[in-house]
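Asker: One file is attached below, protein15.txt, containing compact mmCIF, C-alpha atoms.
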# COMPACT_ATOMS: atom_id res chain seq x y z
CA MET S 1 0.00 0.00 0.00
CA PHE S 2 2.71 2.52 0.84
CA GLU S 3 5.68 3.23 -1.37
CA ARG S 4 9.24 4.33 -0.77
CA GLU S 5 9.63 6.94 1.93
CA ASP S 6 9.98 9.99 -0.30
CA ASP S 7 7.18 8.79 -2.53
CA SER S 8 4.85 8.31 0.39
CA VAL S 9 5.41 11.87 1.66
CA GLU S 10 4.98 13.27 -1.83
CA ARG S 11 1.74 11.33 -2.09
CA VAL S 12 0.63 12.80 1.23
CA ILE S 13 1.37 16.28 -0.07
CA GLN S 14 -0.61 15.71 -3.27
CA HIS S 15 -3.45 14.29 -1.23
CA LEU S 16 -3.51 17.28 1.11
CA ARG S 17 -3.37 19.77 -1.77
CA ARG S 18 -6.73 18.63 -3.04
CA SER S 19 -9.43 21.14 -2.32
CA VAL S 20 -11.46 20.69 0.82
CA SER S 21 -15.18 21.15 0.80
CA ILE S 22 -16.15 24.23 2.80
CA ASP S 23 -19.78 24.96 3.59
CA PRO S 24 -20.91 27.53 0.99
CA GLY S 25 -23.06 29.09 3.69
CA LEU S 26 -19.92 30.29 5.43
CA ASP S 27 -19.76 33.39 3.23
CA ALA S 28 -23.27 34.40 4.20
CA ARG S 29 -22.55 33.82 7.89
CA VAL S 30 -19.47 36.02 7.70
CA MET S 31 -21.35 38.77 5.90
CA ARG S 32 -24.24 38.60 8.37
CA GLU S 33 -21.84 38.93 11.26
CA ILE S 34 -19.91 41.85 9.84
CA ALA S 35 -23.14 43.60 8.92
CA GLN S 36 -23.69 43.95 12.65
CA THR S 37 -20.34 45.68 13.16
CA PRO S 38 -19.38 49.14 12.04
CA SER S 39 -17.44 49.60 8.84
CA PRO S 40 -13.70 49.74 9.53
CA ARG S 41 -13.80 53.48 8.81
CA ARG S 42 -17.17 54.48 10.17
CA ARG S 43 -17.23 56.56 13.36
CA ILE S 44 -19.28 55.05 16.13
CA TRP S 45 -18.40 57.29 18.99
CA PRO S 46 -19.37 60.95 19.29
CA PRO S 47 -16.47 63.32 18.70
CA PRO S 48 -13.99 63.27 21.56
CA ARG S 49 -14.71 65.75 24.30
CA PRO S 50 -12.28 68.62 24.73
CA VAL S 51 -9.24 67.13 26.37
CA TRP S 52 -7.09 70.16 27.09
CA PRO S 53 -7.98 70.32 30.80
CA LEU S 54 -6.97 66.67 31.06
CA LEU S 55 -3.81 67.38 29.08
CA ALA S 56 -2.81 70.08 31.47
CA ALA S 57 -3.22 67.60 34.30
CA ALA S 58 -1.30 65.04 32.30
CA ALA S 59 1.61 67.41 31.85
CA VAL S 60 1.74 68.08 35.56
CA LEU S 61 1.18 64.51 36.66
CA GLY S 62 3.17 62.87 33.88
CA ALA S 63 5.09 60.49 36.10
CA ILE S 64 1.94 59.24 37.77
CA LEU S 65 0.14 58.81 34.50
CA ILE S 66 2.99 56.80 33.04
CA ALA S 67 2.58 54.37 35.87
CA ARG S 68 -1.17 54.28 35.38
CA PRO S 69 -1.69 55.34 31.81
CA TRP S 70 -5.43 54.95 31.60
CA THR S 71 -7.78 56.30 34.20
CA ARG S 72 -11.47 56.48 34.70
CA ASP S 73 -12.90 59.95 34.45
CA THR S 74 -15.00 60.04 37.60
CA THR S 75 -15.80 63.75 37.38
CA SER S 76 -18.36 63.36 34.62
CA GLY S 77 -19.86 60.12 35.89
CA SER S 78 -19.58 58.66 32.40
CA ASP S 79 -17.29 55.83 31.36
CA ALA S 80 -14.67 58.08 29.85
CA PHE S 81 -11.11 56.82 29.95
CA GLN S 82 -8.01 58.82 29.40
CA PHE S 83 -5.10 57.17 27.61
CA VAL S 84 -1.69 58.78 27.91
CA LEU S 85 1.64 58.15 26.25
CA VAL S 86 4.84 60.07 26.85
CA ALA S 87 6.57 60.41 23.49
CA PRO S 88 8.46 63.71 23.25
CA GLN S 89 9.93 62.93 19.81
CA ALA S 90 6.66 61.95 18.15
CA ALA S 91 5.04 64.16 15.51
CA SER S 92 1.68 62.42 15.86
CA VAL S 93 0.14 59.70 18.00
CA SER S 94 -3.19 57.94 17.62
CA LEU S 95 -4.91 55.59 19.99
CA VAL S 96 -6.15 52.47 18.23
CA GLY S 97 -7.92 49.47 19.64
CA ASP S 98 -10.85 47.09 19.58
CA PHE S 99 -13.05 49.98 20.69
CA ASN S 100 -12.41 52.04 17.54
CA ASP S 101 -11.78 49.22 15.07
CA TRP S 102 -8.08 50.07 15.07
CA ASP S 103 -8.77 53.16 13.03
CA PRO S 104 -6.08 55.81 13.65
CA ALA S 105 -8.41 58.53 12.40
CA ARG S 106 -10.89 58.01 15.22
CA SER S 107 -8.77 58.79 18.25
CA PRO S 108 -5.91 61.13 17.37
CA MET S 109 -4.07 62.13 20.53
CA GLN S 110 -3.29 65.71 21.53
CA THR S 111 0.06 66.70 22.95
CA ALA S 112 1.34 69.05 25.60
CA HIS S 113 5.10 68.99 26.09
CA GLY S 114 5.48 65.48 24.69
CA VAL S 115 2.66 64.01 26.74
CA TRP S 116 0.04 62.65 24.37
CA ALA S 117 -3.48 62.04 25.58
CA THR S 118 -6.97 61.33 24.44
CA VAL S 119 -10.22 60.31 26.01
CA VAL S 120 -12.51 57.55 24.79
CA LEU S 121 -15.79 56.20 26.05
CA LEU S 122 -15.70 52.54 26.94
CA GLU S 123 -18.36 50.04 27.83
CA PRO S 124 -17.43 47.35 30.34
CA GLY S 125 -15.35 44.67 28.65
CA ARG S 126 -11.87 43.63 27.67
CA TYR S 127 -10.11 45.65 25.00
CA ARG S 128 -6.82 45.38 23.18
CA TYR S 129 -5.21 48.64 22.17
CA ALA S 130 -1.96 50.23 21.05
CA PHE S 131 -0.50 53.59 20.13
CA LEU S 132 0.31 54.40 16.52
CA VAL S 133 3.25 56.80 16.53
CA ASN S 134 3.96 58.97 13.47
CA GLY S 135 1.47 56.90 11.52
CA VAL S 136 3.80 53.92 11.20
CA GLU S 137 5.14 52.70 14.52
CA TRP S 138 2.96 50.49 16.69
CA ARG S 139 3.70 50.74 20.39
CA ALA S 140 2.21 48.79 23.23
CA ASP S 141 1.37 50.74 26.35
CA PRO S 142 4.48 50.52 28.56
CA GLY S 143 2.31 50.79 31.66
CA ALA S 144 -0.26 48.11 30.87
CA PRO S 145 -0.26 44.33 30.46
CA ALA S 146 0.74 43.12 27.01
CA SER S 147 -1.93 41.39 24.99
CA LYS S 148 -1.08 37.70 24.69
CA ASP S 149 -3.49 36.94 21.91
CA ASP S 150 -2.49 39.48 19.33
CA GLU S 151 -2.87 37.72 16.01
CA PHE S 152 -1.94 40.73 13.94
CA GLY S 153 1.77 40.70 14.56
CA THR S 154 2.02 44.12 16.17
CA PRO S 155 2.52 44.92 19.86
CA SER S 156 -0.58 45.75 21.82
CA SER S 157 -1.82 46.04 25.37
CA VAL S 158 -4.96 45.00 27.11
CA VAL S 159 -7.33 46.82 29.42
CA THR S 160 -10.31 45.39 31.23
CA VAL S 161 -13.09 47.80 32.09
CA GLY S 162 -15.41 46.80 34.89
CA GLY S 163 -19.05 47.69 35.23
CA ARG S 164 -20.23 50.96 36.71
CA GLY S 165 -18.93 51.61 40.16
CA GLU S 166 -16.64 48.57 40.11
CA GLY S 167 -13.50 50.51 39.29
CA SER S 168 -11.08 49.07 36.79
CA MET Z 169 -10.11 36.67 -28.04
CA GLY Z 170 -12.98 38.23 -26.21
CA ILE Z 171 -13.40 40.27 -23.11
CA ASP Z 172 -11.68 39.00 -20.01
CA LYS Z 173 -13.15 39.88 -16.70
CA VAL Z 174 -10.47 41.55 -14.61
CA GLU Z 175 -10.85 40.79 -10.95
CA PRO Z 176 -10.14 43.70 -8.65
CA SER Z 177 -6.93 43.35 -6.66
CA ASP Z 178 -6.88 42.72 -2.93
CA ALA Z 179 -5.66 46.27 -2.40
CA GLU Z 180 -8.59 47.66 -4.38
CA LEU Z 181 -11.11 45.54 -2.47
CA VAL Z 182 -9.61 46.53 0.88
CA ARG Z 183 -9.79 50.18 -0.17
CA ARG Z 184 -13.47 49.77 -1.04
CA VAL Z 185 -14.24 48.08 2.27
CA ARG Z 186 -12.53 50.89 4.11
CA THR Z 187 -14.75 53.40 2.35
CA GLY Z 188 -17.84 51.55 3.53
CA ASP Z 189 -18.44 49.06 0.68
CA THR Z 190 -19.19 45.99 2.76
CA ALA Z 191 -19.95 43.90 -0.31
CA ALA Z 192 -16.33 44.20 -1.37
CA TYR Z 193 -15.44 42.18 1.68
CA GLY Z 194 -17.65 39.40 0.34
CA ALA Z 195 -15.37 39.21 -2.68
CA LEU Z 196 -12.35 38.82 -0.39
CA VAL Z 197 -14.09 36.08 1.57
CA ALA Z 198 -14.97 34.22 -1.62
CA ARG Z 199 -11.42 34.63 -2.88
CA TYR Z 200 -9.73 33.17 0.18
CA ARG Z 201 -12.39 30.81 1.58
CA ASP Z 202 -11.29 27.57 -0.02
CA ARG Z 203 -7.56 27.97 0.33
CA LEU Z 204 -7.68 29.07 3.93
CA GLY Z 205 -10.35 26.48 4.63
CA ARG Z 206 -8.05 23.74 3.43
CA TYR Z 207 -5.33 24.88 5.79
CA ALA Z 208 -7.75 25.10 8.72
CA VAL Z 209 -9.21 21.66 8.11
CA HIS Z 210 -5.80 19.99 7.87
CA MET Z 211 -4.39 21.94 10.78
CA ILE Z 212 -7.29 21.43 13.17
CA GLY Z 213 -8.47 18.03 11.98
CA ASP Z 214 -12.12 18.61 12.76
CA HIS Z 215 -14.16 20.05 9.91
CA GLU Z 216 -16.66 21.87 12.07
CA ASP Z 217 -14.01 23.44 14.31
CA ALA Z 218 -12.05 24.41 11.20
CA GLU Z 219 -15.01 26.21 9.64
CA GLU Z 220 -15.66 28.01 12.89
CA ALA Z 221 -12.02 29.13 13.02
CA LEU Z 222 -12.19 30.24 9.41
CA GLN Z 223 -15.38 32.23 9.92
CA ASP Z 224 -13.99 33.84 13.04
CA SER Z 225 -10.78 34.77 11.24
CA PHE Z 226 -12.69 36.51 8.46
CA VAL Z 227 -14.74 38.47 10.97
CA ARG Z 228 -11.69 39.43 13.03
CA ALA Z 229 -9.88 40.54 9.91
CA TYR Z 230 -12.80 42.74 8.92
CA ARG Z 231 -13.00 44.35 12.32
CA SER Z 232 -9.27 45.01 12.29
CA LEU Z 233 -8.88 45.98 8.66
CA ALA Z 234 -7.47 49.35 9.66
CA ARG Z 235 -4.46 47.44 10.99
CA CYS Z 236 -3.67 45.88 7.64
CA ASP Z 237 -0.64 48.01 6.83
CA ASP Z 238 -0.18 46.72 3.30
CA PRO Z 239 -3.54 46.03 1.62
CA ALA Z 240 -1.76 44.45 -1.35
CA ARG Z 241 -0.67 41.72 1.06
CA PHE Z 242 -4.11 41.24 2.57
CA GLY Z 243 -3.91 37.50 1.90
CA ALA Z 244 -0.71 37.08 3.90
CA TRP Z 245 -2.12 39.19 6.72
CA LEU Z 246 -5.29 37.11 6.75
CA TYR Z 247 -3.22 33.93 6.81
CA GLY Z 248 -1.49 35.22 9.93
CA ILE Z 249 -4.82 35.69 11.67
CA LEU Z 250 -5.94 32.19 10.72
CA VAL Z 251 -2.66 30.59 11.77
CA ASN Z 252 -3.05 32.10 15.23
CA ARG Z 253 -6.72 31.19 15.42
CA CYS Z 254 -5.89 27.57 14.51
CA ARG Z 255 -3.32 27.48 17.28
CA THR Z 256 -5.97 28.44 19.81
CA THR Z 257 -8.47 25.94 18.47
CA GLY Z 258 -5.77 23.28 18.19
CA ALA Z 259 -4.85 23.64 21.83
CA ARG Z 260 -8.48 23.19 22.87
CA ALA Z 261 -8.92 20.23 20.53
CA ALA Z 262 -5.76 18.56 21.86
CA ARG Z 263 -7.15 18.70 25.37
CA ARG Z 264 -10.40 17.15 24.12
CA ARG Z 265 -8.53 14.45 22.20
CA ARG Z 266 -6.56 13.41 25.25
CA MET Z 267 -9.82 12.85 27.07
CA PHE Z 268 -11.22 10.79 24.20
CA VAL Z 269 -8.11 8.63 23.99
CA HIS Z 270 -8.47 7.71 27.64
CA ASP Z 271 -12.12 6.85 27.07
CA ALA Z 272 -11.39 4.77 24.00
CA GLN Z 273 -8.64 2.84 25.71
CA ALA Z 274 -10.92 2.06 28.58
CA LEU Z 275 -13.55 0.75 26.21
CA ASP Z 276 -11.71 -1.52 23.83
CA GLY Z 277 -8.34 -2.27 25.31
CA ALA Z 278 -6.61 0.03 22.86
CA ALA Z 279 -5.56 -2.35 20.12
CA HIS Z 280 -8.78 -3.28 18.33
CA THR Z 281 -9.92 -0.65 15.92
CA ASP Z 282 -11.34 -1.29 12.55
CA ARG Z 283 -8.54 -2.72 10.42
CA ALA Z 284 -10.18 -1.60 7.19
CA ASP Z 285 -10.30 1.95 8.49
CA ARG Z 286 -6.66 1.90 9.39
CA LEU Z 287 -5.65 0.72 5.97
CA ASP Z 288 -7.59 3.41 4.26
CA TRP Z 289 -5.17 5.91 2.80
CA THR Z 290 -7.11 9.04 3.67
CA ASP Z 291 -7.60 7.88 7.19
CA ALA Z 292 -3.93 6.96 7.49
CA VAL Z 293 -2.88 10.42 6.31
CA ASP Z 294 -5.28 12.16 8.67
CA ARG Z 295 -4.06 10.11 11.59
CA ALA Z 296 -0.40 10.63 10.72
CA LEU Z 297 -0.94 14.35 10.38
CA ALA Z 298 -2.81 14.54 13.66
CA ARG Z 299 0.05 12.78 15.44
CA LEU Z 300 2.57 15.42 14.42
CA PRO Z 301 3.37 18.05 17.04
CA ARG Z 302 1.46 21.24 16.28
CA GLU Z 303 4.61 23.17 15.25
CA TYR Z 304 5.67 20.45 12.81
CA ARG Z 305 2.20 20.12 11.29
CA GLU Z 306 1.92 23.89 10.90
CA ALA Z 307 5.31 24.25 9.18
CA PHE Z 308 4.74 21.19 6.96
CA LEU Z 309 1.32 22.38 5.76
CA LEU Z 310 2.41 25.95 5.13
CA LYS Z 311 5.51 24.86 3.24
CA HIS Z 312 4.37 21.86 1.23
CA VAL Z 313 0.61 22.21 0.94
CA GLU Z 314 0.13 25.97 0.91
CA ASP Z 315 3.40 26.37 -0.97
CA LEU Z 316 4.70 29.35 0.97
CA GLU Z 317 8.35 30.40 1.11
CA TYR Z 318 10.19 29.92 4.39
CA GLU Z 319 10.50 33.68 4.77
CA GLN Z 320 6.74 34.05 4.49
CA ILE Z 321 6.17 31.26 7.00
CA ALA Z 322 8.62 32.91 9.37
CA GLU Z 323 6.57 36.10 9.14
CA LEU Z 324 3.34 34.26 9.87
CA THR Z 325 4.55 32.06 12.69
CA GLY Z 326 7.25 34.15 14.33
CA ALA Z 327 9.70 31.25 14.08
CA GLY Z 328 13.14 31.55 12.47
CA VAL Z 329 13.80 30.13 9.02
CA SER Z 330 16.32 27.53 10.22
CA ALA Z 331 13.93 26.35 12.92
CA LEU Z 332 11.18 26.06 10.33
CA LYS Z 333 13.38 24.02 8.01
CA MET Z 334 14.11 21.67 10.87
CA ARG Z 335 10.42 21.37 11.71
CA VAL Z 336 9.54 20.53 8.11
CA LYS Z 337 12.32 17.94 7.97
CA ARG Z 338 11.16 16.34 11.20
CA ALA Z 339 7.56 16.42 10.02
CA ARG Z 340 8.51 14.52 6.86
CA GLU Z 341 10.46 11.96 8.85
CA GLN Z 342 7.65 11.43 11.32
CA LEU Z 343 5.01 11.18 8.61
CA GLN Z 344 7.03 8.47 6.92
CA LYS Z 345 7.34 6.63 10.21
CA TYR Z 346 3.64 6.86 11.01
CA LEU Z 347 2.62 5.75 7.53
CA ARG Z 348 4.95 2.77 7.77
CA GLU Z 349 3.40 1.88 11.09
CA ALA Z 350 -0.07 2.13 9.57
CA GLU Z 351 1.02 -0.17 6.79
CA HIS Z 352 2.00 -2.86 9.25
CA VAL Z 353 -1.06 -2.73 11.45
When written as structure tokens, how does the structure in this file appear?
Answerer:
Amino acid sequence: MFEREDDSVERVIQHLRRSVSIDPGLDARVMREIAQTPSPRRRIWPPPRPVWPLLAAAAVLGAILIARPWTRDTTSGSDAFQFVLVAPQAASVSLVGDFNDWDPARSPMQTAHGVWATVVLLEPGRYRYAFLVNGVEWRADPGAPASKDDEFGTPSSVVTVGGRGEGS
Amino acid sequence: MGIDKVEPSDAELVRRVRTGDTAAYGALVARYRDRLGRYAVHMIGDHEDAEEALQDSFVRAYRSLARCDDPARFGAWLYGILVNRCRTTGARAARRRRMFVHDAQALDGAAHTDRADRLDWTDAVDRALARLPREYREAFLLKHVEDLEYEQIAELTGAGVSALKMRVKRAREQLQKYLREAEHV
């Protein structure tokens, strides 16, 4: 039944190269599922709130914010989170993550003396995120746990947001 | 002679999706479904789990399309997502398989399975492939079945080229061994 060693492996390869039957309904299931999610470029959040007061605080409290780079904005009572990155050499920084479909255009960060910050609204859940520096360089958050399940080949971090009043 | 239909490139389809044309993503799914499906089925071993992994990979890719730095290489990027997804599914399946093996051994004393099944070529290949360590199976399939270059596989898996060559070599050796064993059952 089985031939010489090399022949048998070659036969395995030819066997495995044959097409495999995939359920034709898979396409429809994929399209149904993505129809329920926003387009990769569509905005889903309202425009970011003015962040300059927070930036001023960030500039003053830079060292603290580096250690705890995202914080819950308790003053407004809403689930607004501030993300901060210290990158004095950067010309631009965007916050990208599961919450904005990794779209750099959605959460551009504002700078004050090299401290970049932005505020996003987050529902309770687990989110992966990263900073896109100068439009090309992906950086994980140095002050947050690294994401262990990043399948996209770029560094990212993870943040878990609890429910209201639970803290994070 | 005649008019040839020119299919839009991956980059063009990705651009359309990013401007809100969801249907363009359907074209990408149709384009990559069978090839990626073949990899998933061989890698995971279970057809249903493989289709689930494939579907999930397509959805994840869509949601993260903004992170596809080079739309012209959408296929390679998508492969990377599937390879990782198969690893996750494979780990779960391996745990399940270990449980089943214990059950089966308890039931029939291990040695008596259907001889006709064992001699069946397709079954023998599936079993041999399933016995390979995950890293060997992954490298073997990507190199010999999906016909990727070692450099591409290195990009997808994060492993070095020399390590991948060794894995493929070992995979071939072990497949030969397992097939020989199947022949003598």
Asker: Quick one: residues within 12 Å of region 251-257 of chain Z, all atoms listed in the file counted, chain neighbours fewer than 6 positions away excluded, as a PDB file with C-alpha atoms, in the frame of the given file?
Answerer:
ATOM      1  CA  LYS S 148      -1.080  37.700  24.690  1.00  0.00           C
ATOM      2  CA  ASP S 149      -3.490  36.940  21.910  1.00  0.00           C
ATOM      3  CA  ASP S 150      -2.490  39.480  19.330  1.00  0.00           C
ATOM      4  CA  GLU S 151      -2.870  37.720  16.010  1.00  0.00           C
ATOM      5  CA  PHE S 152      -1.940  40.730  13.940  1.00  0.00           C
ATOM      6  CA  GLY S 153       1.770  40.700  14.560  1.00  0.00           C
TER       7      GLY S 153
ATOM      8  CA  LEU Z 204      -7.680  29.070   3.930  1.00  0.00           C
ATOM      9  CA  GLY Z 205     -10.350  26.480   4.630  1.00  0.00           C
ATOM     10  CA  ARG Z 206      -8.050  23.740   3.430  1.00  0.00           C
ATOM     11  CA  TYR Z 207      -5.330  24.880   5.790  1.00  0.00           C
ATOM     12  CA  ALA Z 208      -7.750  25.100   8.720  1.00  0.00           C
ATOM     13  CA  VAL Z 209      -9.210  21.660   8.110  1.00  0.00           C
ATOM     14  CA  HIS Z 210      -5.800  19.990   7.870  1.00  0.00           C
ATOM     15  CA  MET Z 211      -4.390  21.940  10.780  1.00  0.00           C
ATOM     16  CA  ILE Z 212      -7.290  21.430  13.170  1.00  0.00           C
ATOM     17  CA  GLY Z 213      -8.470  18.030  11.980  1.00  0.00           C
ATOM     18  CA  ASP Z 214     -12.120  18.610  12.760  1.00  0.00           C
ATOM     19  CA  HIS Z 215     -14.160  20.050   9.910  1.00  0.00           C
ATOM     20  CA  GLU Z 216     -16.660  21.870  12.070  1.00  0.00           C
ATOM     21  CA  ASP Z 217     -14.010  23.440  14.310  1.00  0.00           C
ATOM     22  CA  ALA Z 218     -12.050  24.410  11.200  1.00  0.00           C
ATOM     23  CA  GLU Z 219     -15.010  26.210   9.640  1.00  0.00           C
ATOM     24  CA  GLU Z 220     -15.660  28.010  12.890  1.00  0.00           C
ATOM     25  CA  ALA Z 221     -12.020  29.130  13.020  1.00  0.00           C
ATOM     26  CA  LEU Z 222     -12.190  30.240   9.410  1.00  0.00           C
ATOM     27  CA  GLN Z 223     -15.380  32.230   9.920  1.00  0.00           C
ATOM     28  CA  ASP Z 224     -13.990  33.840  13.040  1.00  0.00           C
ATOM     29  CA  SER Z 225     -10.780  34.770  11.240  1.00  0.00           C
ATOM     30  CA  PHE Z 226     -12.690  36.510   8.460  1.00  0.00           C
ATOM     31  CA  VAL Z 227     -14.740  38.470  10.970  1.00  0.00           C
ATOM     32  CA  ARG Z 228     -11.690  39.430  13.030  1.00  0.00           C
ATOM     33  CA  ALA Z 229      -9.880  40.540   9.910  1.00  0.00           C
ATOM     34  CA  ALA Z 244      -0.710  37.080   3.900  1.00  0.00           C
ATOM     35  CA  TRP Z 245      -2.120  39.190   6.720  1.00  0.00           C
ATOM     36  CA  ARG Z 263      -7.150  18.700  25.370  1.00  0.00           C
ATOM     37  CA  ARG Z 264     -10.400  17.150  24.120  1.00  0.00           C
ATOM     38  CA  PRO Z 301       3.370  18.050  17.040  1.00  0.00           C
ATOM     39  CA  ARG Z 302       1.460  21.240  16.280  1.00  0.00           C
ATOM     40  CA  GLU Z 303       4.610  23.170  15.250  1.00  0.00           C
ATOM     41  CA  ARG Z 305       2.200  20.120  11.290  1.00  0.00           C
ATOM     42  CA  GLU Z 306       1.920  23.890  10.900  1.00  0.00           C
ATOM     43  CA  ALA Z 307       5.310  24.250   9.180  1.00  0.00           C
ATOM     44  CA  LEU Z 309       1.320  22.380   5.760  1.00  0.00           C
ATOM     45  CA  LEU Z 310       2.410  25.950   5.130  1.00  0.00           C
ATOM     46  CA  ILE Z 321       6.170  31.260   7.000  1.00  0.00           C
ATOM     47  CA  ALA Z 322       8.620  32.910   9.370  1.00  0.00           C
ATOM     48  CA  GLU Z 323       6.570  36.100   9.140  1.00  0.00           C
ATOM     49  CA  LEU Z 324       3.340  34.260   9.870  1.00  0.00           C
ATOM     50  CA  THR Z 325       4.550  32.060  12.690  1.00  0.00           C
ATOM     51  CA  GLY Z 326       7.250  34.150  14.330  1.00  0.00           C
TER      52      GLY Z 326
END
Asker: Calculated over all atoms listed in the file, which of the candidates S:Ala144, S:Pro24, S:Ala80, S:Trp102 has the smallest distance to chain Z?
Answerer: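 Counting all atoms listed in the file, the residue closest to chain Z is S:Trp102.
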Asker: Figure out the distance between CA of Lys311 (chain Z) and CA of Ala350 (chain Z), please, to one decimal in Å.
Answerer: 24.2 Å
Asker: Got a sec to pull out which chain Z residues are within 8 Å of chain S, counting all atoms listed in the file, and send them as a PyMOL selection string?
Answerer: chain Z and resi 185-188+190+194+197-198+201-203+205-206+209-210+219+223-224+226-227+230-235+245+248-249+252-253+293+312-314+340+343-344+347-348+351
Asker: Report, in Å to a single decimal, how far apart CA of Met334 (chain Z) and CA of Glu319 (chain Z) are.
Answerer: 13.9 Å
Asker: When you draw a straight line from CA of Leu121 (chain S) to CA of Phe81 (chain S), how long is it in Å?
Answerer: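 One can read the CA of Leu121 (chain S) to CA of Phe81 (chain S) distance as 6.1 Å.
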Asker: Using only the atoms of region 5-21 of chain S listed in the file, plus 3 Å on each side, state the axis-aligned box centre and edge lengths in Å rounded to one decimal, as AutoDock Vina command-line options.
Answerer:
--center_x -2.6 --center_y 14.0 --center_z -0.7 --size_x 31.2 --size_y 20.2 --size_z 11.2
Asker: Counting only C-alpha atoms, note down every residue that has an atom within 7 Å of the point (-3.4, 60.3, 14.1) (file coordinates), as a PDB file with C-alpha atoms, in the frame of the given file.
Answerer:
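See result_1.pdb below for the written result:
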ATOM      1  CA  SER S  92       1.680  62.420  15.860  1.00  0.00           C
ATOM      2  CA  VAL S  93       0.140  59.700  18.000  1.00  0.00           C
ATOM      3  CA  SER S  94      -3.190  57.940  17.620  1.00  0.00           C
ATOM      4  CA  PRO S 104      -6.080  55.810  13.650  1.00  0.00           C
ATOM      5  CA  ALA S 105      -8.410  58.530  12.400  1.00  0.00           C
ATOM      6  CA  SER S 107      -8.770  58.790  18.250  1.00  0.00           C
ATOM      7  CA  PRO S 108      -5.910  61.130  17.370  1.00  0.00           C
ATOM      8  CA  MET S 109      -4.070  62.130  20.530  1.00  0.00           C
ATOM      9  CA  GLY S 135       1.470  56.900  11.520  1.00  0.00           C
TER      10      GLY S 135
END
Asker: Can you pull out every residue within 9 Å of Arg183 (chain Z), counting only C-alpha atoms, but drop anything in the same chain fewer than 6 positions away, and send it as a PDB file with C-alpha atoms, in the frame of the given file?
Answerer:
ATOM      1  CA  ASP Z 189     -18.440  49.060   0.680  1.00  0.00           C
ATOM      2  CA  ALA Z 192     -16.330  44.200  -1.370  1.00  0.00           C
ATOM      3  CA  PRO Z 239      -3.540  46.030   1.620  1.00  0.00           C
TER       4      PRO Z 239
END
Asker: Determine the nearest neighbour of Leu246 (chain Z) from the options Z:Val182, Z:Ala298, Z:Ala327, Z:Val336, counting all atoms listed in the file.
Answerer: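 Under the stated criterion, the closest residue is Z:Val182.
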Asker: Can you work out which one of S:Ala87, S:Phe99, S:Arg126, S:Arg139 has the shortest atom-to-atom distance to His113 (chain S), counting all atoms listed in the file?
Answerer: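 Of S:Ala87, S:Phe99, S:Arg126, S:Arg139, the one nearest His113 (chain S), counting all atoms listed in the file, is S:Ala87.
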